[in-house]
Each structure stands twice: as C-alpha cells, then as structure tokens.
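Okay, structure first, notes after.
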Amino acid sequence: MSGMMQVSSARTLPKGLPQLAALLVVLLVNWLVFRDFFAVRLQDGRLFGSLIDVLNRGAPVAILALGMTLVIATRGIDLSVGAVMAIAGATAATLTAQGYPLPAALAAAAGVGLACGLWNGILVAILEIQPFVATLILMVAGRGFAQLIAEGQIITFVSEGFAAIGGGSFLMLPMPVVIALAMLIVTHFVIRYTALGLFIEATGANVRSSAYAGIGTKVVTIAVYMWCSLCAAIAGLIVTADIRGADANNAGLWLELDAILAVVVGGTSLFGGRFSLGLSVVGALIIQAMNTGILLSGFPPEYNLIVKAIVVLAVLLAQTPVLSGLRFIWRAKA
Amino acid sequence: MQLKSEQPDLLEISGLTKGFPGVQALDHVDFTLRAGEIHGLLGENGAGKSTLIKVLTGVFRRDGGSICLDGQEIEARDPADALSLGIGTVYQEVNLLPNLSVAENLFIGRQPHRFGLVRTGEMRGRSSELLATYGLHINVADPLGSYSVAVQQIIAIARAVDLSAKVLILDEPTASLDAQEVETLFRILNDLKARGIGIVFVTHFLDQVYAVCDRITVLRNGRLVGSRPIAELPRIELVSMMLGRELAAEALHRNQRPAVTGNPMVAFKDYGKRRLVEPFDLEIRPGEVVGLAGLLGSGRTETAKLVFGIERAESGQAFVDGKPVRIASPRDASRLRFGFTPEDRKTEGIVAELSIRENIILALQAQRGWLHQIPRRKQDEIANRFIKLLDIRTPDAEKPIGLLSGGNQQKALLARWLATEPRFLILDEPTRGIDVGAHAEIIRLIERLCDDGLALLVISSELEEIASYSDRVVVLRDRKHVRELSGPEVNADTIMTTIASHQ
Amino acid sequence: MKARHLLTTIGMAALMLSSGAAYAQNKMTVGFSQVGSESGWRAAETKVSKIEAEKRGIDLKISDAQQKQENQIRAVRSFIAQGVDAILLAPVVATGWDAVLKEAKEAKIPVVLLDRSIETKDESLYLTAVTSDTVYEGKVAGEWLAKETGGKCNVVELQGTVGSSPAINRKKGFDQVVAANPGMKIIRTQSGDFTRTKGKEVMESFIKAEGGGKNICAVYAHNDDMAIGAIQAIKEAGLKPGKDIKVVSIDAVPDIFKAMGDGEANVTVELTPNMAGPALDALTAYKKNGTMPKKWIQTESKVYTPETAKAEYEKRKELY
C-alpha cells in the first residue's frame, strides 16, 4: 500500500521530440516548395537568406513567448502583450523623434513595459481578477494609450542607433535574433539559477500549497507579469526599429495569440506548472517557419490561416496523451 | 414517530464495497432506509459517507455488494439515471443553474412545450404551485441565483421530489444556513416524511441529528459502525460510535510523563476571528505536545489556520519566546520557524506535479528567498536524508510526489518542515487516510520530535492516539475552545465526554 | 466590475459634454459618425473634416465609434435626438443600416455617406455617398506602370487585408490593366495586411523567391504603408528601390512623398482624406435651394510622382 502506485511511463514521448520533429518537418516542406530555402549568403556584412528570415521574423514572437511561458506556468495568461508592444514602440519612437538620446528612449520604453506588467500583476495577484479578464483590460485600453501617444499616426524617426535594433547585425546575425538569444539566456539564468523557477512552477501547480509552504505567491505572480511585459516592450522596440516607425494601430496586433500559441505548441500546459523556455522558442520558430514557407510557396493568401491551423493542430495532437496512447496500442499490435 | 417493524425497507444496501488506489473507501457496508423515515448518516472526514452517496447516485461504480430499491436491484449509471429511478440528491452547494430562472431550474429537461416552443406561462404557473406546497411564495421568473442558499435548497428539494423521488439524499444541507433557515428546512423534511419519502440526512451537527432524525447510521474508515434508532441512543454513545471507541471501564492512561515546565515557546492570548473560532488562549512549551480534539467543524482546523497565519486573527496577540509577534501570513509563520502540515494534503499540502525533492525543499527554499537557491547537490542531500530518515517509499527523489501513497506524501510533508529545523510544528490530522504501518511510524515520529524539544500542536479525531502523545488536550465545540485537559484527565474517555457534553 | 463602472461613467460624462455644446443660431449643425482612428489616413480624414466644416462655418460634432457598428448606430440616434441639421456617416460595414437611417429620414435629417457606401434596397435613405473609386485607383496605378515600362513588367503584389473591399477592388483595377498588356505579369501576390511590418516581411520573401529580386521589375502595394515596408526590404537585400525595383502604391500619405523625394518610390495614387468637403457642399446646396445631388459623388484619384513630392510632403505633413 505504501509503495508507488502503478504508472505507465512507456507511453510518453521524450520531452521536446514532437516540437523538434515538427520544426524539422516544416523546414523540410519549406525546402520542398523553395529549393533555395537553406541558402545563406553574406549581404552588407550580415547573413541573408530565408532561414535567417525565419529567425529574424520569429524573434519578436520568441521574446514574447519567453515572458508568456512564465505567466502561463503560473496558471495565468497575458493578453496585453501586443498592446504593450505598441505602447513601448510608440514611447520610444516619440521620444527619439523629439530628440531625446537613445538610451533615455529605450529606458523609458522598458519602464513603461514594467509599469504595464505591474498593473497586470496587481490586478491578478492582489485584486484576484481572473488573468484573462485582467489582461484584457490592458489589451483593449493599451492600444488606445499607444494611439494617444502617437496621436493616431505612424511616428517615424531618424536614428541609426534605434533602427539598428531592428535592422542591424552583430556577429553577422540580425540584431533581433541576437536580442532574442540574449533574452533566452538571461531569462533562463534568472529562472533556473535562482529559486524563481521552482516558485513559479509550484505556484502554478498548486497556489495554495505553495502559499502554505511560505512562498510569497503574490510577489511571484507580479514579478512574472512584469517580466512578461518587459519582454513585450523589447519585442515592441524591435518591430518599431524594423520599420523605423511606431505604428500604434498595428504593432503587435494579434501577436499575443501567436505568443500563446508558441507556448502551447512548446508543450507548456495552460493549467500551469512545469514549463520549458527553450521549447516555447521552438514553438515560435515553428509558427514563423510556417509563415515564411507560405510566403515563399506562392500559395494564395486566402489559405494562410487554414494551413497554419492544420499544422498547429498536428503538433498539438502529437502531444496529447490520448494519441500517444493510441500509438502505443498500435505499436503493441504491430 | 412510531415505525412498524414489519414495514418493508424502501432502500436496502448490503455488503457495498468500493476501493480507490491506496484507499478502501467502503468496506462491506450495509444500510437500510424505510419509507417515511429521516435517517442520519454520520461519520468524520474520510468515513465513507460521500462515497456511499456517490455510489448510490451513480457517480461511482461499486466494486461489490447490492443496492435494492423497493425490492428491485438497481445500478444507477449517473445522477440523472438515479433520479429517474427515484433517488434524488441535494448538495450543500446547490447544483442547479443560478442564472436560469427558478421555474426553468424546476423544469429543466422537461419543460412543457407545444409546437417546439416552451410554454413559459404554464411552466411558471406550475412552478408557483409546486413551491407553494413547500410554503415558498417567490417570483419564479427571477434567476435562481438571486435567492439565498436556503431557498435554493428548498427549490432543489422540490425539483428532486417532483421528479418522483422516493429517496431524498441531503448532503450537509445545513452547513451554511442560519438557525431559522434550518428550522424551515426541518419543517419541510417532516412534511416529506409524512408523505412517505425516505430521507438520508448527512450532517455533523449532533443537535440537528437529535432534532430531526429517526435513526442514524455511523460509518468510520469505510466500515459500518452501526445503525441505531435515535430515541434510545445517548449522546455520548453516538460520539463514541463516530470517534471509534467504546467507553472503556478502566480509563486508559498514557505513559505518564512528568509535566513539561518552563516558559512557553509560543503563546496566543485572546486570539480569534469572527465566524472562524472564538478568541482563545493557548500556550505551548518546548518539548510539549498539545492536542486539539473535537468533532468536524468544531473549530480545530480553524485554530490551526489562525495560528499559522493562513487566516488573520482579528483579536488578541501572538507571542514567541514571550515577545509579541505578528503572524499575517504563512510566510510570517515560516520565518518564525513554525511549520504546518494541513489536513487536506492534496489541495493544501503537496504540489503534486513537482518531484519529491522539490516538495521537500520547498519551505526551506521559501525561507531563504528566491535569490539564494539551494545548490542542487545540497537539495539532493536533504531529500535523500529525509527519504531515508522517514522511510519514504519511492525509487528515487525525482518522482512526482502525486504518485506516492497518502502515508508517504504525509512523510514528505513532514520532511518539508523538518528540513527547516522548526521550533513549532502544527500537524492537522497527520494520520488521516494513512495505512496502519505508516500510521505507527508517524506517531513515533511525533514522540521523537517532542523529545527533541519541539513544541507541537496536533489535531486528530483519533482519541486514543491523541491521548497517547499529548501532554494537554484542548477540547473544542461549536468553534469554541471549551476545556483544557491536563495530567490524568488526558484520556480518551474524558475527551469524549467533554466533546459530547452539552454547554 | 468597478473598472467597468468607472469607464461607463467617464463615457457618459464625455457624451454629456459633447451634447451640451452650445447651439449657435442659424449655424448649420452636422453630426459626423466616424469609424474610428485605426490608421493615419483615418485620422487625417477626421482632421480635414474639421477644417472643411470650419471653412464653411458649420458646427461639426464628431463621434468616434471605435470600429463598432453599434456605436455608430447609437451615435446616429443621439444626433437625431439632438436635432442636428444633417448627418455624415462613414459606415464601418455595408449592411444593417436601414432601421436607423429610416429614423433619420422620418426626422427629416439628410444623411451623407462618406468613403464607403452601404447595401440597401431603399436608396432614398441617404442623400448621397461621397467615395473614391477603389477599382479606379488600382487601374490608374496599373496604367502608370504600363506606360512607364512600355507594357513589359514582372510585378509582385502586396495585397491589403484578405477580404477587405479596398484590397479586392484595388487588385481588380490593377488586374484589368495587366490583362490588357500581355507583357505585364503578376508573378507573386500575398497579403501584407496593410501594415509596414507585414509589407516588409512579405517583400523579403518575394525577393528571395525571385532570385534575389532580379526577376522583379516592380512592386505594387495596395497602400503606401506596405510600400514603405517593401522599400526597406529592397534596400536590405542590397537593391535600389525605385530603380532596380519600381514601387507603385495607393493612398498618398506623407511618408511616401518623403520616399519619393529620396527617389525610393515612383508613384502613388491619392485617396483623398477630404471626403467631408464635397459632402458639406452638397448638403449646403440641398439645404439652401433643395438641390438634389447625384447619388454618388466620386472623389478624384490623382496620380503623384516624385516631381511634386517635396511640395506635397510639406502640404500634407500637418494633416497627418
């Protein structure tokens, strides 16, 4: 009676295998529709090619997915990241256009991002509003804020330094890719080389038990929303720098959904608990590889969303225990 | 209230058996219910009451035994099926739809209709009539949720009875009602009884049992303790049935230890919170075990939660080593080197998804703060030390704790707090739902911790057990600390009579 | 709940303020139910409307519907209740207006539709519609390109949001020109969602898919913003926008004139934000002499090329 209960572990696939396999398949399909997909050359001192595009274009969503992973691990959700991107972009672009030095503009954008996260965190942790509803407020109101800052126009700026965040390169890699990598590493270290990761997972898996064990679950929750919004602000800076203008109406529009999708495709459960930053980034790359593939294929744009939905469905199905179970039975019969 | 003995049983359950992994929830339980009878079903947490009801109403499948209604063997597939067979259930949290109207709730799934259209007028008319027979005159077009729990319960009863229920099960219906509402409910139950309906009444309020029941059945640890007509059952005997011991002729004493002296390690003066537990005084010295005894809902778990800062006290002051302290959260309590293992291990204790190692170091890590991560090697060392020390049966420390049996989960939770080297431990039902072997080990552990100089506050409904290791026992009744027993008074008999005595 | 309450309170206060504005005697009062402020062009339209009304001494009340039809219907109703002299309506969608327009008609308040028309069986519900011809815009853009390249050109197309009417129509107009010129071909077409970011991303992939951009003679973007994104993609691929790849777009927002001034864009077709001017003229004439305007007042689709870019940029900067 006091021993282990019977649990079959033979059925679960090794962690991360479905995601990596899916990424590989999507890349292969891209290669089939466009034979130069893997061709990479040097253009003006930076790598240039479709594969690089996948990384470069996938960077903002990958950065969003980092923060979103942590929020989802606490059993929350953050719908406001797209709006926070727009706010941060509009803030930095406006300040730059008004002649403030770049560091000041970037710091202001980051500060605004953190403030947005604090707001979300307080609504969720202190006022105990459901995360979906709590962050919906900023999702709707935030874009309005961004429009107020930008006064309804696309704020363009002339600043090679700022533009470099989107269009520059470092060690031949596009700057957004470098920033995403740096954010992945920083987030990983902050989470795994402190006890924060454990606290986040514990809070997400059982908030009551965690609080009873003496964890400051409210502080953990607020910290996580702040990190998520900071990630959103950074992603917002990238897309703003990329087009050398802050488009309050469209910057980050619907990207919260891509970020959530990336996290889910990466295998983190919406019910909180265990999470993987790396696999969320892989999820973001799968989504972007699909987008790029569709563009390269010459497929009519009307099919874009359908193709995307089918691939996502396939990846998610590959992760469900039900299907894994079926596969197990099928293999046993064979 | 006279019942003819030749009257056939309406419901007859015999040899009912139901097991879950790690627990035998029902072990050959017999139960009978007559038409026109109110039958109290009693027992502490984990006695098997709710399992019995769930098997009866088709939520669970039984493993063995038979259920006969009107002499016919039945097996309900689900609650709806049970209802169609004539067994209706009303829960403490009414399981109707609060945003639909009262009338819609009464007729959901069987609305009168013509040409595919619901005849709202007719439905409302019939609803009003129906509720009037229960003495309820309300606007049936209003949403159900706009009425009090008491009214909702009556509506739920009306619906169940109207759906041709022969047997009505009430699962703790009075837990959230005030005295007057309880009275109304009892009037309705007596009316239904007069109409020949058999009523199963689950409660843990003894006064209510004596007020309304004809007969009682007591379950304990999944087994039948007995069925008795209430008229000939003294209160003390009922309590002894529930708590599982006969009144012993010779009072069993614990091995007398010298009374613990010295200054209290923790003390609470006039500590209390409205609606939770009335203000109490409590002192515990190092090396002393204080037991909290009382029936379910008497305020024993509430006392523990107050002391550990899960609930914030509204009155009084807490002291550690004679100095006043503020305990506003478990975090505060943990910093004062308190520890707490809750009664409900699954939802308040373990983090099922995380590994045994992570669960064991959780409180220690929380004390140290997020910046000072315990190095992985140290974590392994702590986890393995306690796995060995407490004999937690697992192949390794990395298994999710949710896969362990109850006893091993409990040991891991004890390990979680022992790893913090606590000075004061609060254990709420540390042996509940644990198999015999682990049970004894945990009691031995409690005694050892006490010898090591810890201050311990232990809650248990096992009177023998609590008497065996406690230096003093505080008895609670109706959310009040009623009496503190010490010295030779600390024995199961005295505890029991104190629990059972009237004010 | 509290937050919602607060928002409603603020909303009510705003409504009261706007409706409480003084009614000047003999001054025509016109209510304008604007869609929202989702783009720079839209913001410019609102701004121009204010200016045009001021010019004519008309009191213009603007209500922002935030892209929601129900808000627009509410706004029209409140205009009727306030007894305005006329209503301008920029409908967010084409259907579902009959009921509220009937109310306006019964109150004898003429309604003029701006920049989009509606679908209704009863055309008497509105006085006139002032819109541009989006098919014609696409055609004008195509004709310029055909003339410029002698009818021989491989075009990549950046479509607007899939299914939106300007995207459908601007494609249609351009396709008519392509059909008439056997040397012209659309080799790739994808949606860039009318945004700079997507325009840039899609153009990047077009360049890669078409041999590093060597096969592309021109890019035709359904709006200027996508063209501006495409210009950056072309530059980053090491090509010269406006020369290696010609850039043709529609809207005439200030930033495209800037690009034209730098020689990076070749042509844009104007979608004028001044819809209110002709509308108010028609209304004034109708009110004064009872002149019935035409059922459709088409705005001009003017072609702008780099020659006038600088001057146009200065002219527009203020509006946008």
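Each chain in the structure tokens gets a letter, A, B and so on, in the order shown; residues start at 1 in every chain, and ligands are counted from 1 in the order they appear.
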For this session: Mind checking which residues fall within 7 Å of Val61 (chain A), counting only C-alpha atoms, ignoring those fewer than 6 positions away in the same chain, and posting them as a list in words?
Result: Leu255, Asp258, Ala259 and Ala284 of chain A
Residues as selected, C-alpha atoms, written as an mmCIF file, in the first residue's frame, can you do that?
data_model
loop_
_atom_site.group_PDB
_atom_site.id
_atom_site.type_symbol
_atom_site.label_atom_id
_atom_site.label_comp_id
_atom_site.auth_asym_id
_atom_site.auth_seq_id
_atom_site.Cartn_x
_atom_site.Cartn_y
_atom_site.Cartn_z
ATOM 1 C CA LEU A 255 0.775 38.758 -31.582
ATOM 2 C CA ASP A 258 0.923 33.868 -31.631
ATOM 3 C CA ALA A 259 2.830 34.032 -28.355
ATOM 4 C CA ALA A 284 7.689 30.418 -32.004
#
For the interface of chain C with chain A (cut-off 8 Å, counting only C-alpha atoms), please tabulate each contacting residue of chain C alongside its nearest pair of atoms and their separation in Å to one decimal, rows sorted by chain and increasing number, as a Markdown table.
| residue | atom | partner | partner_atom | distance |
| --- | --- | --- | --- | --- |
| C:Ser37 | CA | A:Gly152 | CA | 6.3 |
| C:Glu38 | CA | A:Asn249 | CA | 5.8 |
| C:Ser39 | CA | A:Asn249 | CA | 6.6 |
| C:Gly40 | CA | A:Gln153 | CA | 4.6 |
| C:Ala43 | CA | A:Gly152 | CA | 6.1 |
| C:Val162 | CA | A:Glu302 | CA | 6.5 |
| C:Arg188 | CA | A:Gly298 | CA | 6.3 |
| C:Thr189 | CA | A:Gly298 | CA | 7.2 |
| C:Gln190 | CA | A:Pro301 | CA | 5.3 |
| C:Ser191 | CA | A:Pro301 | CA | 5.8 |
| C:Thr195 | CA | A:Asn250 | CA | 6.7 |
| C:Arg196 | CA | A:Ile243 | CA | 6.4 |
| C:Thr197 | CA | A:Ile243 | CA | 6.2 |
| C:Lys200 | CA | A:Ile243 | CA | 7.8 |
| C:Glu201 | CA | A:Arg57 | CA | 7.4 |
| C:Val202 | CA | A:Leu295 | CA | 6.5 |
| C:Glu204 | CA | A:Asp53 | CA | 7.9 |
| C:Ser205 | CA | A:Leu296 | CA | 5.8 |
| C:Phe206 | CA | A:Leu296 | CA | 6.8 |
| C:Lys208 | CA | A:Ser50 | CA | 6.8 |
| C:Ala209 | CA | A:Leu296 | CA | 5.9 |
| C:Gly229 | CA | A:Ile243 | CA | 6.2 |
| C:Gln232 | CA | A:Ile243 | CA | 7.4 |
| C:Ala237 | CA | A:Gln43 | CA | 7.0 |
| C:Gly238 | CA | A:Gln43 | CA | 7.0 |
| C:Tyr320 | CA | A:Gln153 | CA | 6.6 |
Exercise. Can you list, as a VMD selection string, every residue of region 36-281 of chain C that DSSP puts in strand (DSSP E)?
Worked result: chain C and resid 59 to 64 86 to 89 111 to 114 128 to 131 153 to 159 184 to 191 218 to 221 246 to 251 267 to 270
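For chain B, the residues no farther than 7 Å from chain A when using only C-alpha atoms are Gly22, Pro330, Arg331, Ser334, Thr347, Glu348, Gly349, Ile350, Val351, Glu353, Leu362, Ala363, Ala366, Gln367, Trp370, Leu371, His372, Gln373, Arg393, Thr394, Leu403, Leu404, Ser405, Gly407 and Asn408 of chain B.
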For the residues in the current selection, export C-alpha atoms as a CSV table (one decimal), in the first residue's frame.
chain,number,residue,atom,x,y,z
B,22,GLY,CA,-4.5,3.3,-1.9
B,330,PRO,CA,2.2,31.5,6.4
B,331,ARG,CA,5.4,33.3,5.2
B,334,SER,CA,7.5,30.1,8.5
B,347,THR,CA,-5.1,20.7,-2.2
B,348,GLU,CA,-3.2,22.4,0.6
B,349,GLY,CA,-0.1,20.3,1.2
B,350,ILE,CA,1.7,18.7,-1.7
B,351,VAL,CA,2.4,20.2,-5.1
B,353,GLU,CA,3.2,17.8,-10.2
B,362,LEU,CA,10.1,24.0,-0.8
B,363,ALA,CA,9.6,25.5,2.6
B,366,ALA,CA,10.9,29.8,0.5
B,367,GLN,CA,12.6,30.8,3.8
B,370,TRP,CA,14.4,33.3,-4.4
B,371,LEU,CA,17.9,34.7,-4.7
B,372,HIS,CA,19.6,32.1,-2.6
B,373,GLN,CA,18.9,28.9,-4.5
B,393,ARG,CA,9.0,4.5,-0.1
B,394,THR,CA,10.0,5.7,-3.5
B,403,LEU,CA,2.3,9.3,-7.4
B,404,LEU,CA,3.1,8.4,-3.8
B,405,SER,CA,0.6,6.9,-1.4
B,407,GLY,CA,1.3,7.9,4.0
B,408,ASN,CA,4.4,8.7,2.1
For this session: Could you pull out the residues in region 97-302 of chain C that DSSP calls alpha helix (DSSP H) from the backbone, as a PyMOL selection string?
Result: chain C and resi 98-106+134-149+165-180+196-209+224-236+254-261+276-289
For this session: Compile the contact shell of Ile284 (chain B) as an MDAnalysis selection string: residues with an atom at most 8 Å away, counting only C-alpha atoms, same-chain residues fewer than 6 positions apart removed.
Result: chainID B and resid 264:267 290 455:457
Could you please take those selected residues and save N, CA and C atoms as an mmCIF file, in the first residue's frame?
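The resulting file, result17.cif, is reproduced below:
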data_model
loop_
_atom_site.group_PDB
_atom_site.id
_atom_site.type_symbol
_atom_site.label_atom_id
_atom_site.label_comp_id
_atom_site.auth_asym_id
_atom_site.auth_seq_id
_atom_site.Cartn_x
_atom_site.Cartn_y
_atom_site.Cartn_z
ATOM 1 N N PRO B 264 6.690 29.236 27.970
ATOM 2 C CA PRO B 264 6.125 28.776 26.699
ATOM 3 C C PRO B 264 6.961 29.277 25.523
ATOM 4 N N MET B 265 7.071 28.400 24.515
ATOM 5 C CA MET B 265 7.775 28.780 23.294
ATOM 6 C C MET B 265 6.866 29.685 22.470
ATOM 7 N N VAL B 266 5.618 29.250 22.320
ATOM 8 C CA VAL B 266 4.635 30.099 21.642
ATOM 9 C C VAL B 266 3.445 30.287 22.572
ATOM 10 N N ALA B 267 2.820 31.428 22.449
ATOM 11 C CA ALA B 267 1.625 31.690 23.243
ATOM 12 C C ALA B 267 0.680 32.563 22.442
ATOM 13 N N VAL B 290 0.516 19.519 22.487
ATOM 14 C CA VAL B 290 -0.848 19.876 22.851
ATOM 15 C C VAL B 290 -1.763 19.325 21.755
ATOM 16 N N ALA B 455 7.976 22.244 20.002
ATOM 17 C CA ALA B 455 6.626 22.451 20.509
ATOM 18 C C ALA B 455 5.681 21.956 19.432
ATOM 19 N N LEU B 456 4.697 21.151 19.845
ATOM 20 C CA LEU B 456 3.817 20.544 18.843
ATOM 21 C C LEU B 456 2.353 20.807 19.154
ATOM 22 N N LEU B 457 1.600 21.116 18.101
ATOM 23 C CA LEU B 457 0.154 21.239 18.219
ATOM 24 C C LEU B 457 -0.428 20.228 17.242
#
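For the pair CA of Phe186 (chain B) and CA of Asp142 (chain B), the separation is 25.0 Å.
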If you count only C-alpha atoms, which residues fall within 8 Å of Arg326 (chain B), apart from same-chain ones fewer than 6 positions away, as a PDB file with N, CA, C and O atoms, in the first residue's frame?
ATOM      1  N   GLN B 317      -3.234  38.553  20.598  1.00  0.00           N
ATOM      2  CA  GLN B 317      -1.826  38.741  20.300  1.00  0.00           C
ATOM      3  C   GLN B 317      -1.102  37.405  20.369  1.00  0.00           C
ATOM      4  O   GLN B 317      -1.418  36.571  21.206  1.00  0.00           O
ATOM      5  N   ALA B 318      -0.154  37.241  19.459  1.00  0.00           N
ATOM      6  CA  ALA B 318       0.676  36.040  19.487  1.00  0.00           C
ATOM      7  C   ALA B 318       2.046  36.400  20.060  1.00  0.00           C
ATOM      8  O   ALA B 318       2.516  37.526  19.893  1.00  0.00           O
ATOM      9  N   ASP B 332       5.081  34.685   7.231  1.00  0.00           N
ATOM     10  CA  ASP B 332       5.484  35.190   8.549  1.00  0.00           C
ATOM     11  C   ASP B 332       5.718  34.022   9.505  1.00  0.00           C
ATOM     12  O   ASP B 332       6.709  33.976  10.229  1.00  0.00           O
TER      13      ASP B 332
END
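The closest residue to Glu314 (chain B), picked from B:Glu447, B:Glu278, B:Glu232, B:Glu37 and counting only C-alpha atoms, is B:Glu278.
The coordinates place CA of Lys294 (chain C) at 17.0 Å from CA of Leu89 (chain C).
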Exercise. When distances are computed from only C-alpha atoms, which of B:Ile426, B:Leu130, B:Val55, B:Val167 shows the smallest separation from Asp9 (chain B)?
Worked result: B:Val167
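Rounded to one decimal, CA of Asp27 (chain B) and CA of Ala76 (chain B) lie 19.6 Å from each other.
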Exercise. Any idea what's packed within 9 Å of region 58-63 of chain C, counting only C-alpha atoms, ignoring anything in its chain fewer than 6 positions away? Could you give it as a ChimeraX atom specification?
Worked result: /C:18-19,23-24,27-36,46,49-50,52,71-72,75,79,280
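The shortest atom-to-atom distance to Cys217 (chain C), with only C-alpha atoms taken into account, belongs to C:Val156 out of C:Ala265, C:Val156, C:Val93, C:Ile168.
For region 41-46 of chain B, the set of protein, DNA and RNA residues having any atom at most 7 Å away, when counting only C-alpha atoms and skipping those fewer than 5 positions along the same chain, is Val200, Phe201, Val202, Thr203, His204, Ile216, Thr217, Val218, Leu219, Arg220, Asn221, Met242 and Leu296 of chain B.
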Write a file of the selected residues as a PDB file, in the first residue's frame, keeping N, CA, C and O atoms.
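This went into selection-v6.pdb:
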ATOM      1  N   VAL B 200     -32.324  10.568   3.511  1.00  0.00           N
ATOM      2  CA  VAL B 200     -30.996  10.346   4.085  1.00  0.00           C
ATOM      3  C   VAL B 200     -30.409  11.720   4.362  1.00  0.00           C
ATOM      4  O   VAL B 200     -30.339  12.566   3.471  1.00  0.00           O
ATOM      5  N   PHE B 201     -30.005  11.938   5.611  1.00  0.00           N
ATOM      6  CA  PHE B 201     -29.595  13.272   6.039  1.00  0.00           C
ATOM      7  C   PHE B 201     -28.148  13.211   6.520  1.00  0.00           C
ATOM      8  O   PHE B 201     -27.859  12.585   7.531  1.00  0.00           O
ATOM      9  N   VAL B 202     -27.259  13.816   5.737  1.00  0.00           N
ATOM     10  CA  VAL B 202     -25.848  13.802   6.135  1.00  0.00           C
ATOM     11  C   VAL B 202     -25.549  15.103   6.857  1.00  0.00           C
ATOM     12  O   VAL B 202     -25.830  16.185   6.342  1.00  0.00           O
ATOM     13  N   THR B 203     -24.985  15.006   8.043  1.00  0.00           N
ATOM     14  CA  THR B 203     -24.663  16.219   8.786  1.00  0.00           C
ATOM     15  C   THR B 203     -23.590  15.876   9.803  1.00  0.00           C
ATOM     16  O   THR B 203     -23.295  14.706  10.046  1.00  0.00           O
ATOM     17  N   HIS B 204     -22.960  16.931  10.386  1.00  0.00           N
ATOM     18  CA  HIS B 204     -22.106  16.635  11.517  1.00  0.00           C
ATOM     19  C   HIS B 204     -22.495  17.477  12.714  1.00  0.00           C
ATOM     20  O   HIS B 204     -21.738  17.631  13.646  1.00  0.00           O
ATOM     21  N   ILE B 216     -30.048   6.598  12.971  1.00  0.00           N
ATOM     22  CA  ILE B 216     -28.766   7.026  12.444  1.00  0.00           C
ATOM     23  C   ILE B 216     -27.942   5.806  12.052  1.00  0.00           C
ATOM     24  O   ILE B 216     -28.122   4.706  12.595  1.00  0.00           O
ATOM     25  N   THR B 217     -27.070   6.036  11.083  1.00  0.00           N
ATOM     26  CA  THR B 217     -26.065   5.035  10.747  1.00  0.00           C
ATOM     27  C   THR B 217     -24.715   5.737  10.803  1.00  0.00           C
ATOM     28  O   THR B 217     -24.584   6.851  10.289  1.00  0.00           O
ATOM     29  N   VAL B 218     -23.757   5.105  11.473  1.00  0.00           N
ATOM     30  CA  VAL B 218     -22.438   5.715  11.596  1.00  0.00           C
ATOM     31  C   VAL B 218     -21.431   4.904  10.789  1.00  0.00           C
ATOM     32  O   VAL B 218     -21.380   3.679  10.892  1.00  0.00           O
ATOM     33  N   LEU B 219     -20.664   5.602   9.973  1.00  0.00           N
ATOM     34  CA  LEU B 219     -19.560   4.967   9.241  1.00  0.00           C
ATOM     35  C   LEU B 219     -18.244   5.473   9.820  1.00  0.00           C
ATOM     36  O   LEU B 219     -18.159   6.583  10.337  1.00  0.00           O
ATOM     37  N   ARG B 220     -17.263   4.626   9.701  1.00  0.00           N
ATOM     38  CA  ARG B 220     -15.949   5.039  10.172  1.00  0.00           C
ATOM     39  C   ARG B 220     -14.904   4.297   9.364  1.00  0.00           C
ATOM     40  O   ARG B 220     -14.956   3.069   9.253  1.00  0.00           O
ATOM     41  N   ASN B 221     -13.969   5.045   8.785  1.00  0.00           N
ATOM     42  CA  ASN B 221     -12.916   4.458   7.956  1.00  0.00           C
ATOM     43  C   ASN B 221     -13.459   3.467   6.931  1.00  0.00           C
ATOM     44  O   ASN B 221     -12.901   2.398   6.715  1.00  0.00           O
ATOM     45  N   MET B 242     -18.917   7.572  16.530  1.00  0.00           N
ATOM     46  CA  MET B 242     -18.284   8.358  15.483  1.00  0.00           C
ATOM     47  C   MET B 242     -16.769   8.381  15.620  1.00  0.00           C
ATOM     48  O   MET B 242     -16.041   8.312  14.638  1.00  0.00           O
ATOM     49  N   LEU B 296     -15.729  17.274  13.647  1.00  0.00           N
ATOM     50  CA  LEU B 296     -15.557  18.039  12.422  1.00  0.00           C
ATOM     51  C   LEU B 296     -16.349  19.337  12.528  1.00  0.00           C
ATOM     52  O   LEU B 296     -17.471  19.338  12.993  1.00  0.00           O
TER      53      LEU B 296
END
